[in-house]
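Student: Dropping in coords-v4.txt, which is compact mmCIF, C-alpha atoms:
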```txt
# COMPACT_ATOMS: atom_id res chain seq x y z
CA MET K 185 21.09 34.68 10.53
CA ASP K 186 20.44 31.99 13.11
CA LYS K 187 20.10 28.55 11.53
CA GLU K 188 16.78 27.75 13.24
CA ILE K 189 15.25 31.06 12.21
CA GLU K 190 16.51 30.49 8.68
CA PHE K 191 15.02 26.97 8.52
CA ASN K 192 11.76 28.30 9.89
CA LEU K 193 11.66 31.01 7.22
CA ILE K 194 12.45 28.48 4.50
CA GLU K 195 9.70 26.13 5.69
CA ARG K 196 7.14 28.93 5.83
CA SER K 197 8.22 30.25 2.45
CA ALA K 198 7.90 26.77 0.95
CA LYS K 199 4.26 26.79 2.10
CA GLY K 200 3.69 30.01 0.14
CA ASN K 201 4.26 32.58 2.88
CA THR K 202 5.60 35.61 1.00
CA ALA K 203 6.30 37.59 4.19
CA ALA K 204 8.70 34.86 5.34
CA PHE K 205 10.31 34.84 1.92
CA ARG K 206 10.74 38.60 2.05
CA ALA K 207 12.65 38.19 5.33
CA LEU K 208 14.82 35.55 3.66
CA VAL K 209 15.51 37.89 0.72
CA GLU K 210 16.38 40.81 2.99
CA ALA K 211 18.77 38.65 5.03
CA ASN K 212 20.64 37.30 2.00
CA GLN K 213 20.37 40.07 -0.56
CA ALA K 214 23.68 41.74 0.35
CA PHE K 215 25.56 38.47 -0.05
CA ALA K 216 23.76 37.79 -3.33
CA ILE K 217 24.60 41.20 -4.81
CA SER K 218 28.18 41.00 -3.62
CA LEU K 219 28.67 37.58 -5.20
CA ALA K 220 26.94 38.42 -8.48
CA SER K 221 28.90 41.64 -8.88
CA ARG K 222 32.18 39.69 -8.57
CA PHE K 223 31.23 37.94 -11.78
CA VAL K 224 29.38 40.53 -13.83
CA ARG K 225 30.62 43.85 -12.45
CA ASP K 226 27.73 45.97 -13.67
CA VAL K 227 25.35 46.53 -10.78
CA THR K 228 22.25 46.45 -12.99
CA ASP K 229 23.28 43.08 -14.45
CA ALA K 230 24.07 41.84 -10.94
CA GLU K 231 20.64 42.95 -9.71
CA ASP K 232 18.93 41.18 -12.61
CA ILE K 233 20.82 37.99 -11.79
CA VAL K 234 19.98 38.29 -8.09
CA GLN K 235 16.30 38.78 -8.92
CA GLU K 236 16.31 35.73 -11.18
CA ALA K 237 18.16 33.73 -8.52
CA PHE K 238 15.59 34.55 -5.83
CA ILE K 239 12.73 33.64 -8.18
CA ARG K 240 14.41 30.28 -8.80
CA VAL K 241 14.80 29.86 -5.06
CA TRP K 242 11.07 30.61 -4.59
CA LYS K 243 10.09 28.10 -7.27
CA ASN K 244 12.28 25.34 -5.85
CA LEU K 245 11.91 25.88 -2.10
CA ASN K 246 10.00 22.61 -1.72
CA ARG K 247 13.13 20.84 -3.03
CA TYR K 248 15.49 22.58 -0.60
CA ASP K 249 18.00 20.24 1.00
CA PHE K 250 18.30 21.16 4.68
CA ASN K 251 21.80 19.63 4.78
CA PHE K 252 23.01 22.67 2.86
CA ARG K 253 23.32 26.17 4.22
CA PHE K 254 20.90 28.52 2.49
CA LYS K 255 23.80 30.73 1.42
CA THR K 256 25.54 27.77 -0.19
CA TRP K 257 22.41 26.95 -2.19
CA LEU K 258 21.82 30.57 -3.15
CA GLY K 259 25.50 30.92 -4.04
CA LYS K 260 25.23 27.89 -6.28
CA ILE K 261 22.24 29.34 -8.15
CA ILE K 262 23.89 32.74 -8.51
CA THR K 263 27.19 31.25 -9.68
CA ASN K 264 25.45 29.16 -12.33
CA LEU K 265 23.39 32.12 -13.52
CA CYS K 266 26.49 34.32 -13.66
CA LEU K 267 28.45 31.73 -15.61
CA ASP K 268 25.52 31.24 -18.01
CA ALA K 269 25.13 34.96 -18.50
CA GLY K 270 28.89 35.50 -18.42
CA LYS K 271 29.82 35.40 -22.08
CA SER K 272 27.56 38.16 -23.34
CA ILE K 273 28.08 40.37 -20.32
CA LYS K 274 31.84 39.76 -20.26
CA GLN K 275 32.35 40.93 -23.84
CA ARG K 276 30.36 44.07 -23.19
CA GLN K 277 32.16 44.88 -19.94
CA THR K 278 35.72 44.03 -20.94
CA GLN K 279 35.88 46.93 -23.37
CA ALA K 280 34.43 49.38 -20.86
CA LEU K 281 36.73 48.12 -18.11
CA ASP K 282 39.91 48.33 -20.19
CA HIS K 283 39.18 51.96 -20.87
CA SER K 284 38.34 52.60 -17.23
CA ILE K 285 41.54 51.00 -15.90
CA THR K 286 43.83 52.85 -18.30
CA HIS K 287 42.10 56.09 -17.59
CA GLN K 288 42.34 55.76 -13.83
CA ALA K 289 45.91 54.43 -13.80
CA ASN K 290 47.07 57.46 -15.71
CA GLU K 291 45.54 59.76 -13.16
CA ASN K 292 47.86 58.46 -10.41
CA ALA K 293 44.98 58.81 -8.00
CA THR K 294 44.57 58.67 -4.22
CA ASN K 295 44.55 55.48 -2.09
CA GLU K 296 40.84 55.05 -2.46
CA LEU K 297 41.11 55.25 -6.20
CA GLU K 298 44.09 52.90 -6.15
CA HIS K 299 42.07 50.45 -4.18
CA GLU K 300 39.20 50.76 -6.62
CA GLU K 301 41.65 50.31 -9.46
CA LEU K 302 43.06 47.17 -7.86
CA ARG K 303 39.54 45.85 -7.44
CA LYS K 304 38.76 46.48 -11.08
CA ILE K 305 42.02 44.88 -12.22
CA ILE K 306 41.43 41.75 -10.17
CA LEU K 307 37.85 41.42 -11.37
CA HIS K 308 38.97 42.07 -14.92
CA LEU K 309 41.63 39.36 -14.62
CA ALA K 310 39.09 37.01 -13.07
CA GLN K 311 36.86 37.47 -16.09
CA GLN K 312 39.65 36.20 -18.32
CA LEU K 313 39.72 32.87 -16.47
CA THR K 314 37.81 29.77 -17.56
CA PRO K 315 34.32 29.62 -16.00
CA LYS K 316 35.39 27.00 -13.44
CA GLN K 317 38.55 28.85 -12.47
CA GLN K 318 36.64 32.11 -12.21
CA ALA K 319 33.96 30.53 -10.05
CA VAL K 320 36.52 28.92 -7.72
CA PHE K 321 38.52 32.16 -7.46
CA VAL K 322 35.47 34.32 -6.79
CA LEU K 323 34.03 32.00 -4.17
CA ARG K 324 37.26 31.14 -2.40
CA ASP K 325 39.37 34.31 -2.65
CA LEU K 326 36.83 37.08 -3.09
CA GLU K 327 33.85 35.73 -1.13
CA GLN K 328 36.16 33.92 1.32
CA LEU K 329 34.07 30.74 1.39
CA GLU K 330 35.63 27.69 3.06
CA PRO K 331 37.18 25.16 0.63
CA ASP K 332 34.53 22.48 1.35
CA GLU K 333 31.78 25.04 0.78
CA VAL K 334 33.30 25.97 -2.58
CA CYS K 335 33.29 22.28 -3.50
CA LYS K 336 29.60 22.01 -2.52
CA VAL K 337 28.58 25.11 -4.45
CA LEU K 338 30.36 23.96 -7.59
CA ASP K 339 29.81 20.19 -7.22
CA MET K 340 33.54 19.75 -7.42
CA SER K 341 36.04 17.43 -5.76
CA ASN K 342 38.62 18.96 -3.44
CA GLY K 343 41.43 18.09 -5.87
CA ASN K 344 39.59 19.66 -8.79
CA MET K 345 38.88 22.77 -6.75
CA LYS K 346 42.55 23.11 -5.75
CA SER K 347 43.70 22.61 -9.31
CA ASN K 348 41.35 25.33 -10.62
CA LEU K 349 42.31 27.65 -7.78
CA TYR K 350 46.00 27.16 -8.50
CA TYR K 351 45.64 28.09 -12.18
CA ALA K 352 43.41 31.03 -11.27
CA ARG K 353 45.98 32.41 -8.81
CA VAL K 354 48.79 31.93 -11.30
CA HIS K 355 46.82 33.97 -13.82
CA ILE K 356 45.89 36.68 -11.31
CA LYS K 357 49.49 36.95 -10.14
CA ALA K 358 50.75 37.28 -13.72
CA GLY K 359 48.13 39.94 -14.41
CA LEU K 360 49.01 41.91 -11.29
CA GLU K 361 52.71 41.73 -12.16
CA LYS K 362 51.87 43.17 -15.54
CA TYR K 363 49.94 46.09 -14.06
CA TYR K 364 52.24 46.81 -11.16
CA GLN K 365 55.51 45.70 -12.71
CA ILE K 366 56.09 43.18 -9.97
CA LYS K 367 59.36 41.44 -10.77
CA PRO K 368 58.70 38.04 -12.40
CA GLN K 369 59.78 35.16 -10.23
CA ASN K 370 61.93 32.16 -11.16
CA GLN K 371 60.20 29.16 -9.83
CA THR K 372 61.60 25.84 -8.69
CA MET Z 285 57.61 20.69 -6.94
CA TYR Z 286 56.51 23.00 -4.14
CA GLU Z 287 55.15 25.74 -6.39
CA GLN Z 288 51.54 24.51 -6.33
CA SER Z 289 51.62 24.10 -2.55
CA ILE Z 290 52.93 27.67 -2.19
CA TYR Z 291 50.03 28.97 -4.27
CA LEU Z 292 47.59 26.86 -2.25
CA TRP Z 293 49.15 27.64 1.14
CA GLU Z 294 45.78 28.24 2.84
CA GLU Z 295 44.29 25.07 1.40
CA ILE Z 296 47.00 22.51 2.15
CA SER Z 297 47.16 20.30 5.24
CA PRO Z 298 49.38 21.08 8.27
CA GLU Z 299 51.71 18.21 7.27
CA GLU Z 300 52.13 19.68 3.79
CA LYS Z 301 52.67 23.13 5.30
CA ALA Z 302 55.48 21.76 7.46
CA ALA Z 303 57.18 20.20 4.43
CA VAL Z 304 56.79 23.39 2.36
CA SER Z 305 58.11 25.57 5.19
CA LYS Z 306 61.15 23.38 5.51
CA HIS Z 307 61.82 23.68 1.79
CA VAL Z 308 61.19 27.43 1.65
CA GLU Z 309 63.75 28.02 4.39
CA ALA Z 310 66.39 26.36 2.24
CA CYS Z 311 65.31 27.64 -1.23
CA PRO Z 312 65.62 31.41 -1.90
CA ASN Z 313 63.54 31.26 -5.11
CA CYS Z 314 60.65 29.55 -3.37
CA ALA Z 315 61.02 31.94 -0.44
CA GLU Z 316 60.59 34.87 -2.83
CA LEU Z 317 57.64 33.24 -4.55
CA PHE Z 318 56.11 32.55 -1.17
CA GLN Z 319 56.54 36.21 -0.26
CA GLN Z 320 54.94 37.36 -3.52
CA ILE Z 321 51.97 35.03 -3.14
CA GLN Z 322 51.40 36.30 0.38
CA VAL Z 323 51.42 39.92 -0.87
CA MET Z 324 49.07 39.03 -3.72
CA GLN Z 325 46.69 37.23 -1.39
CA GLU Z 326 46.68 40.25 0.94
CA ARG Z 327 45.70 42.47 -1.97
CA VAL Z 328 42.99 40.06 -3.06
CA THR Z 329 41.71 39.94 0.52
CA GLU Z 330 41.58 43.75 0.57
CA VAL Z 331 39.45 43.63 -2.56
CA SER Z 332 37.27 40.89 -1.13
CA ALA Z 333 36.59 42.96 1.98
CA LYS Z 334 34.94 45.63 -0.12
CA LYS Z 335 31.50 44.31 -0.94
CA THR Z 336 29.30 45.80 -3.59
CA ILE Z 337 26.13 47.17 -2.07
CA ALA Z 338 23.01 47.51 -4.14
CA PRO Z 339 22.38 51.27 -4.49
CA ASN Z 340 18.68 50.71 -3.90
CA ALA Z 341 18.51 47.61 -1.76
CA ALA Z 342 14.90 48.27 -0.72
CA GLN Z 343 13.90 48.82 -4.33
CA LEU Z 344 15.58 45.56 -5.33
CA THR Z 345 13.74 43.71 -2.56
CA SER Z 346 10.47 45.19 -3.81
CA ARG Z 347 11.30 44.14 -7.37
CA ILE Z 348 12.07 40.61 -6.22
CA MET Z 349 8.89 40.39 -4.16
CA GLN Z 350 6.83 41.80 -7.00
CA ALA Z 351 8.26 39.12 -9.29
CA VAL Z 352 7.51 36.49 -6.66
CA HIS Z 353 3.90 37.71 -6.32
CA GLU Z 354 3.52 37.62 -10.10
CA GLN Z 355 4.97 34.14 -10.09
CA GLN Z 356 2.51 33.11 -7.39
CA ARG Z 357 -0.43 34.65 -9.29
CA SER Z 358 0.59 33.09 -12.58
CA SER Z 359 0.96 29.70 -10.89
CA HIS Z 360 -2.61 30.09 -9.52
CA VAL Z 361 -3.86 31.13 -12.97
CA ASN Z 362 -2.02 28.20 -14.52
CA LEU Z 363 -3.60 25.88 -12.00
CA ALA Z 364 -7.06 27.29 -12.72
CA THR Z 365 -6.41 27.08 -16.47
CA ARG Z 366 -5.27 23.51 -16.10
CA LEU Z 367 -8.26 22.62 -13.94
CA PHE Z 368 -10.83 24.20 -16.25
CA SER Z 369 -9.33 23.63 -19.69
CA PRO Z 370 -11.74 22.10 -22.31
CA PHE Z 371 -9.82 18.86 -22.22
CA GLN Z 372 -10.03 18.79 -18.46
CA LEU Z 373 -13.79 19.56 -18.59
CA ILE Z 374 -14.30 16.58 -20.93
CA ARG Z 375 -12.40 14.46 -18.45
CA TYR Z 376 -14.60 15.73 -15.61
CA ALA Z 377 -17.74 14.93 -17.69
CA CYS Z 378 -16.49 11.42 -18.39
CA ALA Z 379 -15.64 10.92 -14.74
CA THR Z 380 -19.10 12.18 -13.67
CA LEU Z 381 -20.80 9.91 -16.21
CA SER Z 382 -18.78 6.96 -14.98
CA LEU Z 383 -19.70 7.81 -11.40
CA VAL Z 384 -23.39 8.07 -12.28
CA LEU Z 385 -23.23 4.72 -14.04
CA VAL Z 386 -21.47 3.11 -11.10
CA ILE Z 387 -24.07 4.52 -8.68
CA SER Z 388 -26.92 3.35 -10.93
CA PHE Z 389 -25.50 -0.14 -11.12
CA GLY Z 390 -24.95 -0.06 -7.40
CA LEU Z 391 -28.55 0.90 -6.72
CA GLU Z 392 -29.81 -1.70 -9.15
CA TYR Z 393 -27.69 -4.34 -7.50
CA THR Z 394 -28.88 -3.33 -4.04
CA HIS Z 395 -32.50 -3.51 -5.17
CA THR Z 396 -32.04 -6.98 -6.72
CA GLY Z 397 -30.19 -8.04 -3.61
CA THR Z 398 -33.17 -7.01 -1.41
CA GLN Z 399 -35.51 -9.05 -3.52
CA GLN Z 400 -33.21 -12.03 -3.26
CA LYS Z 401 -33.02 -11.44 0.47
CA THR Z 402 -36.85 -11.50 0.68
CA GLN Z 403 -36.93 -14.80 -1.15
CA ILE Z 404 -34.28 -16.14 1.12
CA THR Z 405 -36.31 -15.01 4.14
CA THR Z 406 -39.39 -16.78 2.76
CA LEU Z 407 -37.35 -19.91 2.24
CA GLU Z 408 -36.09 -19.68 5.78
CA GLU Z 409 -39.59 -19.27 7.04
CA GLY Z 410 -40.60 -22.28 4.91
CA VAL Z 411 -37.87 -24.34 6.46
CA ILE Z 412 -38.90 -23.25 9.95
CA LEU Z 413 -42.53 -24.07 9.14
CA SER Z 414 -41.67 -27.43 7.71
CA SER Z 415 -39.57 -28.32 10.70
CA ALA Z 416 -42.46 -27.25 12.98
CA ILE Z 417 -44.84 -29.46 11.06
CA ILE Z 418 -42.42 -32.34 11.23
CA ARG Z 419 -41.95 -31.77 14.94
CA SER Z 420 -45.72 -31.58 15.60
CA SER Z 421 -46.50 -34.68 13.54
CA ALA Z 422 -43.79 -36.60 15.35
CA ALA Z 423 -45.28 -35.59 18.68
CA ASP Z 424 -48.70 -36.50 17.41
CA ARG Z 425 -47.47 -39.89 16.30
CA LYS Z 426 -45.83 -40.49 19.65
CA LYS Z 427 -49.06 -39.58 21.44
CA ARG Z 428 -51.16 -41.87 19.25
CA LYS Z 429 -48.72 -44.70 19.75
CA SER Z 430 -48.91 -44.34 23.50
CA ILE Z 431 -52.73 -44.39 23.32
CA PHE Z 432 -52.74 -47.53 21.28
CA SER Z 433 -50.19 -49.24 23.45
CA ALA Z 434 -52.06 -48.22 26.60
CA CYS Z 435 -55.34 -49.72 25.32
CA LYS Z 436 -53.83 -52.83 23.85
CA ALA Z 437 -52.12 -54.32 26.82
CA PRO Z 438 -54.89 -55.23 29.29
CA PHE Z 439 -57.53 -56.09 26.70
CA THR Z 440 -57.65 -58.78 24.14
CA ASP Z 441 -61.25 -58.21 23.18
CA GLN Z 442 -61.56 -56.25 19.94
CA LEU Z 443 -64.67 -54.38 21.01
CA ALA Z 444 -63.21 -53.35 24.35
CA TYR Z 445 -60.06 -52.25 22.58
CA ARG Z 446 -62.04 -50.00 20.27
CA GLU Z 447 -63.99 -48.57 23.21
CA CYS Z 448 -60.75 -47.82 25.00
CA ILE Z 449 -59.30 -46.06 22.00
CA LYS Z 450 -62.43 -44.00 21.62
CA GLN Z 451 -62.28 -42.95 25.24
CA GLN Z 452 -58.64 -42.03 24.99
CA PHE Z 453 -59.21 -39.79 21.95
CA GLN Z 454 -62.14 -38.09 23.55
```
Can you dump the structure from the file as structure tokens?

Tutor:
Amino acid sequence: MDKEIEFNLIERSAKGNTAAFRALVEANQAFAISLASRFVRDVTDAEDIVQEAFIRVWKNLNRYDFNFRFKTWLGKIITNLCLDAGKSIKQRQTQALDHSITHQANENATNELEHEELRKIILHLAQQLTPKQQAVFVLRDLEQLEPDEVCKVLDMSNGNMKSNLYYARVHIKAGLEKYYQIKPQNQT
Amino acid sequence: MYEQSIYLWEEISPEEKAAVSKHVEACPNCAELFQQIQVMQERVTEVSAKKTIAPNAAQLTSRIMQAVHEQQRSSHVNLATRLFSPFQLIRYACATLSLVLVISFGLEYTHTGTQQKTQITTLEEGVILSSAIIRSSAADRKKRKSIFSACKAPFTDQLAYRECIKQQFQ
């Protein structure tokens, strides 16, 4: 969405214009669902988080900082909500996911299923990370946000972000090696 | 030493990349790790390309907007509740009473002020009147003096002087 149009919609929404806010929701809903589902996996949980996030956005529009991109702000709210909700949802989903992965891996399925399996494995491994590592990994590697944007979303220094990303990738790599029997690497 | 930089290949600076590349060319272990990280990142990128789409996006939008409308309504109700709560009504009554008192005192003051103004006007008029009297008596005195001096000079006789004065006054 064009920046000017977005600012205009935000300004009108802040004045109580629900039609403008609807346009804002429609423009950013796909991103919101995609991001939330990287954390919580279950679409219903993701939808609940997205709904809560947009309500928070609506309540706090008059405090919106125009130096931020709307997506960055929305991403920040969603990430915080996901991390807050994470523990209870994670426990519930981990069991279901373990079963799902084993079941599908045994089927030796087609490419599409393999891709879906890979997706599930990566998200499953991401859920085993610490909240900060998970957030950095999801935003940087799965949502492909720029490093400085990740820092803004998570209120993190560049060094801290890199450190969390490094440990996250180490964990993901180890997990993928386990699932795909990738030969462990001696490191210098 | 270079392991972290290999994992953060996309995040490091061009100078760091140059140094890592130089090392990787000479170190087979790091070259293999580099290769593995690249493969892993490709797989992660494949996963990232597949975005979850809400099965009922329109329904979700409606749900969000419904929640927003409820939020808006409840904020209006809250505002109305806050404005017309018993405590608030007592505050309004006190404020009204204070306003009435202030207006009453104001009116009273204005009334007293008018009276004082009337007195002041009367005093002013008194001053003007007094000054007029003073002015007229001074003129009268000057006139009388000129009459007396006019009659006195050519006559020494008392009777003639009196006659002259009489004529002048007439």

Student: Compile the contact shell of Asn192 of chain K as a ChimeraX atom specification: residues with an atom at most 12 Å away, counting only C-alpha atoms, same-chain residues fewer than 6 positions apart removed.

Tutor: /K:185-186,198-199,201,204-205,207-208,250,254

Student: Any chance you could export the current selection's C-alpha atoms as a compact mmCIF listing (two decimals), in the coordinates of the input?

Tutor:
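As a result, out-v4.txt now contains:
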```
# COMPACT_ATOMS: atom_id res chain seq x y z
CA MET K 185 21.09 34.68 10.53
CA ASP K 186 20.44 31.99 13.11
CA ALA K 198 7.90 26.77 0.95
CA LYS K 199 4.26 26.79 2.10
CA ASN K 201 4.26 32.58 2.88
CA ALA K 204 8.70 34.86 5.34
CA PHE K 205 10.31 34.84 1.92
CA ALA K 207 12.65 38.19 5.33
CA LEU K 208 14.82 35.55 3.66
CA PHE K 250 18.30 21.16 4.68
CA PHE K 254 20.90 28.52 2.49
```

Student: From the list Z:Arg366, Z:Arg347, Z:Lys334, Z:His360, which residue is nearest Val234 of chain K when using all atoms listed in the file?

Tutor: Z:Arg347

Student: Would you give me, as a tab-separated table, each residue of chain K having an atom within 8 Å of an atom of chain Z, along with its shortest atom pair and that distance in Å to one decimal, using only C-alpha atoms and sorting by chain and residue number?

Tutor:
```
residue	atom	partner	partner_atom	distance
K:Thr202	CA	Z:Met349	CA	7.8
K:Arg206	CA	Z:Met349	CA	6.7
K:Val209	CA	Z:Thr345	CA	6.9
K:Glu210	CA	Z:Thr345	CA	6.8
K:Gln213	CA	Z:Thr345	CA	7.8
K:Ala214	CA	Z:Ile337	CA	6.4
K:Ile217	CA	Z:Ala338	CA	6.5
K:Ser218	CA	Z:Thr336	CA	4.9
K:Ser221	CA	Z:Thr336	CA	6.7
K:Val227	CA	Z:Ala338	CA	7.1
K:Glu231	CA	Z:Leu344	CA	7.2
K:Gln235	CA	Z:Ile348	CA	5.3
K:Phe238	CA	Z:Ile348	CA	7.0
K:Ile239	CA	Z:Val352	CA	6.1
K:Trp242	CA	Z:Val352	CA	7.2
K:His299	CA	Z:Val331	CA	7.5
K:Leu302	CA	Z:Val331	CA	7.3
K:Arg303	CA	Z:Val331	CA	5.4
K:Ile306	CA	Z:Val328	CA	7.5
K:Asp325	CA	Z:Val328	CA	6.8
K:Leu326	CA	Z:Ser332	CA	4.3
K:Glu327	CA	Z:Ser332	CA	6.2
K:Gln328	CA	Z:Ser332	CA	7.5
K:Pro331	CA	Z:Glu295	CA	7.2
K:Lys346	CA	Z:Leu292	CA	7.2
K:Leu349	CA	Z:Leu292	CA	7.7
K:Tyr350	CA	Z:Tyr291	CA	6.1
K:Arg353	CA	Z:Tyr291	CA	7.0
K:Val354	CA	Z:Tyr291	CA	7.7
K:Lys357	CA	Z:Met324	CA	6.8
K:Gln369	CA	Z:Leu317	CA	6.4
K:Asn370	CA	Z:Asn313	CA	6.3
K:Gln371	CA	Z:Asn313	CA	6.2
K:Thr372	CA	Z:Cys314	CA	6.6
```

Student: For a cutoff of 12 Å around the file-coordinate point (27.3, 21.7, -3.7), which residues qualify once you count only C-alpha atoms? I'd like the result as a PyMOL selection string.

Tutor: chain K and resi 249+251-261+263-264+331-342

Student: What separation in Å, quoted to one decimal, exists between atom CA of Ala319 of chain K and atom CA of Ile305 of chain K?

Tutor: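 Spanning atom CA of Ala319 of chain K to atom CA of Ile305 of chain K is a straight-line distance of 16.6 Å.
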
Student: Which one of K:Ala203, K:Glu296, K:Ile233, K:Lys187 sits closest to Leu219 of chain K if you count all atoms listed in the file?

Tutor: K:Ile233
